[in-house]
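**Student:** Okay, here's the structure, questions in a sec.
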Amino acid sequence: MVAFLIVFLTSLLTLTTLPAAESRLYSNYYQKSCPRFNQIVQDTVTNKQITSPTTAAATLRLFFHDCLHNGCDASILVSSTPFNKAERDADINLSLPGDAFDVVVRAKTALELACPNTVSCADILAVATRDLVTMMGGPYYNVPLGRRDGRVSKASAVEGTLPRPAMPVSQLIQVFGSRGFSVQEMVALSGAHTIGFTHCSEFSSAIYNYSKSEQYDPQYNPRFAAGLQQACADYHKNPTMSVFNDVMTPNKFDNVYFQNLPKGLGLLKSDHALLNDPRTRPFVELYAKDQNTFFQAFARAMEKLGLHGIQTGRRGEIRHRCDEFN
């Protein structure tokens, strides 16, 4: 009888701990259920990046906006309906480039053909981001798998959870800190500005009629400011007008973004702020001096970001389509 009770209690304990076991992510999560997962994602992102060279930066930004807001659950991919205004239609997300959404949809379509109802959109976005960063010359980092897709996506919940280009450093630190990220991790993640572009409307107030005595923010290199004024001259007529975040090596993931800041070649107010604030400046200088140190810090921070607020097991779902709930 005692032996039976021990076996019964052991079985009960195993059952009650199943969700915890399910919540763990594994590098080889799809090894049996979808053995070509990595190859399919790799082929998809490679083809997309070749035809649309802005895809890498766009996807990195999409991943960031998905994960930092409310965890890596692909809620950013969901389209709005007449009954729900989704995250992607929040003010701060309206400028997310279509190429990022498209590369995930393409990968999902190919994976549904190879292994239906198996791979989450959240895992696709996480791996596509890593593969694209590596393609651009950035560091390779581990992406454990097994995320589920979230069942909630609300635009009204986004405000205040993501950094904005004009935020002061104290507010940036608060946004990242509330998600468990240190100042050093925040600066490392800001190094993502080494690729990609920003719409002129995001920094126009800093390059036109900045003050009564200054035409542009004096933190800009004068020649750079003149170049920005020229490049953005018609941004009122064409709101899609954009400028590279890293004017020196815009298509290479490297540490030149940090080297640009002391030269007055930072694009955004938040870029300048990282250099000027004593809490963040030491990390800017460190990463400007040593690319390997930056790569290691960026890789660690991305691994951590990829685990933020994830849903696993029965808590989420495997969406049939990335842009709508099942």
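Labeling convention for the structure tokens: chains A, B, ... as they appear, residues from 1 per chain, ligands from 1 in order of appearance.
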Fewer than 6 positions away in the same chain doesn't count, so skip those; otherwise give me all residues within 7 Å of stretch 188-191 of chain A, counting only C-alpha atoms, as a list in words.
**Tutor:** Tyr257, Phe294, Ala297, Phe298 and Ala301 of chain A
**Student:** Can you list every residue in stretch 148-298 of chain A that DSSP puts in strand (DSSP E), as a list in words?
**Tutor:**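 Taking stretch 148-298 of chain A and keeping strand (DSSP E) gives Phe197, Thr198, His199, Ser242, Val243 and Phe244 of chain A.
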**Student:** Any chance you could export the current selection's N, CA and C atoms as a PDB file, in the first residue's frame?
**Tutor:**
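Saved file out_19.pdb follows:
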```
ATOM      1  N   PHE A 197      17.580  52.725 -41.277  1.00  0.00           N
ATOM      2  CA  PHE A 197      17.348  54.139 -41.568  1.00  0.00           C
ATOM      3  C   PHE A 197      16.245  54.690 -40.685  1.00  0.00           C
ATOM      4  N   THR A 198      16.121  56.006 -40.652  1.00  0.00           N
ATOM      5  CA  THR A 198      15.075  56.684 -39.882  1.00  0.00           C
ATOM      6  C   THR A 198      14.399  57.717 -40.771  1.00  0.00           C
ATOM      7  N   HIS A 199      13.073  57.815 -40.659  1.00  0.00           N
ATOM      8  CA  HIS A 199      12.332  58.802 -41.438  1.00  0.00           C
ATOM      9  C   HIS A 199      12.698  60.213 -40.978  1.00  0.00           C
ATOM     10  N   SER A 242      13.896  59.145 -45.895  1.00  0.00           N
ATOM     11  CA  SER A 242      14.660  58.557 -44.792  1.00  0.00           C
ATOM     12  C   SER A 242      16.153  58.804 -44.962  1.00  0.00           C
ATOM     13  N   VAL A 243      16.882  58.632 -43.865  1.00  0.00           N
ATOM     14  CA  VAL A 243      18.337  58.771 -43.858  1.00  0.00           C
ATOM     15  C   VAL A 243      18.914  57.576 -43.099  1.00  0.00           C
ATOM     16  N   PHE A 244      20.083  57.102 -43.539  1.00  0.00           N
ATOM     17  CA  PHE A 244      20.737  55.989 -42.845  1.00  0.00           C
ATOM     18  C   PHE A 244      21.088  56.367 -41.406  1.00  0.00           C
TER      19      PHE A 244
END
```
**Student:** Between atom CA of A:Lys237 and atom CA of A:Gly264, what distance in Å does the model show, to one decimal?
**Tutor:**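 That distance, rounded to one decimal, is 27.6 Å.
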**Student:** Can you measure atom CA of A:Ser95 to atom CA of A:Lys108 for me? One decimal in Å is fine.
**Tutor:**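 Spanning atom CA of A:Ser95 to atom CA of A:Lys108 is a straight-line distance of 22.6 Å.
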**Student:** Residues of stretch 79-179 of chain A in alpha helix (DSSP H) according to DSSP, as a PyMOL selection string?
**Tutor:** chain A and resi 98-114+121-135+169-177
**Student:** Quick one: residues within 9 Å of A:Ala155, only C-alpha atoms, excluding same-chain residues fewer than 4 positions away - as a VMD selection string?
**Tutor:** chain A and resid 84 to 91 159
**Student:** Any idea what's packed within 9 Å of A:Gln42, counting only C-alpha atoms, ignoring anything in its chain fewer than 6 positions away? Could you give it as a list in words?
**Tutor:**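 Result of the neighbour search: Ala107, Val127, Ala128, Asp131 and Leu132 of chain A.
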**Student:** How far is it from atom CA of A:Gly196 to atom CA of A:Thr59, in Å with one decimal?
**Tutor:** 9.9 Å
**Student:** Which residues come within 10 Å of stretch 216-223 of chain A, counting only C-alpha atoms, excluding same-chain residues fewer than 4 positions away, as a list in words?
**Tutor:** Ser204, Ser205, Ala206, Ile207, Tyr208, Asn209, Tyr210, Ser211, Gly227, Leu228, Gln229, Leu261, Pro262, Lys263, Gly264, Leu265, Gly266, Leu267, Leu268, Lys269, His272, Ala273 and Asn276 of chain A
**Student:** I'd like the contact shell of A:Asp323 - 12 Å cut-off, only C-alpha atoms, skipping same-chain residues fewer than 4 positions apart - returned as a ChimeraX atom specification.
**Tutor:** /A:74-81,86-88,101-102,104-105,108-109,120-122,149-153,318-319
**Student:** Generate a file of the selected residues that holds C-alpha atoms, formatted as a CSV table (one decimal), in the first residue's frame.
**Tutor:**
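The resulting file, result-v6.csv, is shown below:
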```csv
chain,number,residue,atom,x,y,z
A,74,ALA,CA,4.5,37.7,-32.3
A,75,SER,CA,1.6,39.9,-31.2
A,76,ILE,CA,3.1,42.7,-33.4
A,77,LEU,CA,2.3,40.7,-36.5
A,78,VAL,CA,-1.5,40.5,-35.9
A,79,SER,CA,-3.7,42.7,-38.1
A,80,SER,CA,-6.4,44.9,-36.8
A,81,THR,CA,-10.1,44.0,-37.2
A,86,ALA,CA,-3.9,45.7,-32.9
A,87,GLU,CA,-0.3,46.6,-31.8
A,88,ARG,CA,1.0,47.1,-35.3
A,101,PHE,CA,6.3,41.5,-42.0
A,102,ASP,CA,6.8,40.0,-45.4
A,104,VAL,CA,8.0,36.3,-41.7
A,105,VAL,CA,4.9,35.6,-43.8
A,108,LYS,CA,5.6,30.8,-42.4
A,109,THR,CA,4.1,29.9,-45.7
A,120,SER,CA,5.2,29.4,-34.2
A,121,CYS,CA,5.4,32.9,-35.8
A,122,ALA,CA,7.3,34.0,-32.6
A,149,ASP,CA,2.2,32.9,-30.3
A,150,GLY,CA,0.2,35.2,-28.1
A,151,ARG,CA,-3.6,35.6,-28.2
A,152,VAL,CA,-3.7,39.3,-27.4
A,153,SER,CA,-2.6,42.3,-29.4
A,318,ILE,CA,0.7,28.0,-33.0
A,319,ARG,CA,-1.0,30.4,-35.4
```
**Student:** Please list as a list in words every residue within 10 Å of A:Phe64, counting only C-alpha atoms and excluding residues in the same chain fewer than 3 positions away.
**Tutor:**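 My list of contacting residues is Ala58, Thr59, Leu60, Arg61, Cys67, Leu68, His69, Gly71, Cys72, Ile76, Ala126, Thr129, Leu162, Leu189, Ala192, Met302, Leu305 and Gly306 of chain A.
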**Student:** Given only C-alpha atoms, how would the per-residue table for stretch 127-197 of chain A near stretch 114-118 of chain A read, listing every residue at most 12 Å away with its closest atom pair and distance in Å to one decimal, sorted by chain and number, as a tab-separated table?
**Tutor:**
```
residue	atom	partner	partner_atom	distance
A:Leu145	CA	A:Thr118	CA	11.8
A:Gly146	CA	A:Thr118	CA	9.9
A:Arg147	CA	A:Thr118	CA	11.1
A:Arg148	CA	A:Thr118	CA	10.2
A:Asp149	CA	A:Thr118	CA	11.5
```
**Student:** Please determine, counting only C-alpha atoms, which residue among A:Gln311, A:Asn260, A:Thr54, A:Asn255 has the shortest atom-to-atom distance to A:Asp290.
**Tutor:**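 Of the candidates, the smallest distance to A:Asp290 is held by A:Asn255.
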**Student:** Could you check the closest approach to A:Asn142 for each of A:Thr312, A:Ser27, A:Ser201, A:Thr280 and tell me which residue wins, using only C-alpha atoms?
**Tutor:**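 That would be A:Ser27, the residue with the smallest distance to A:Asn142.
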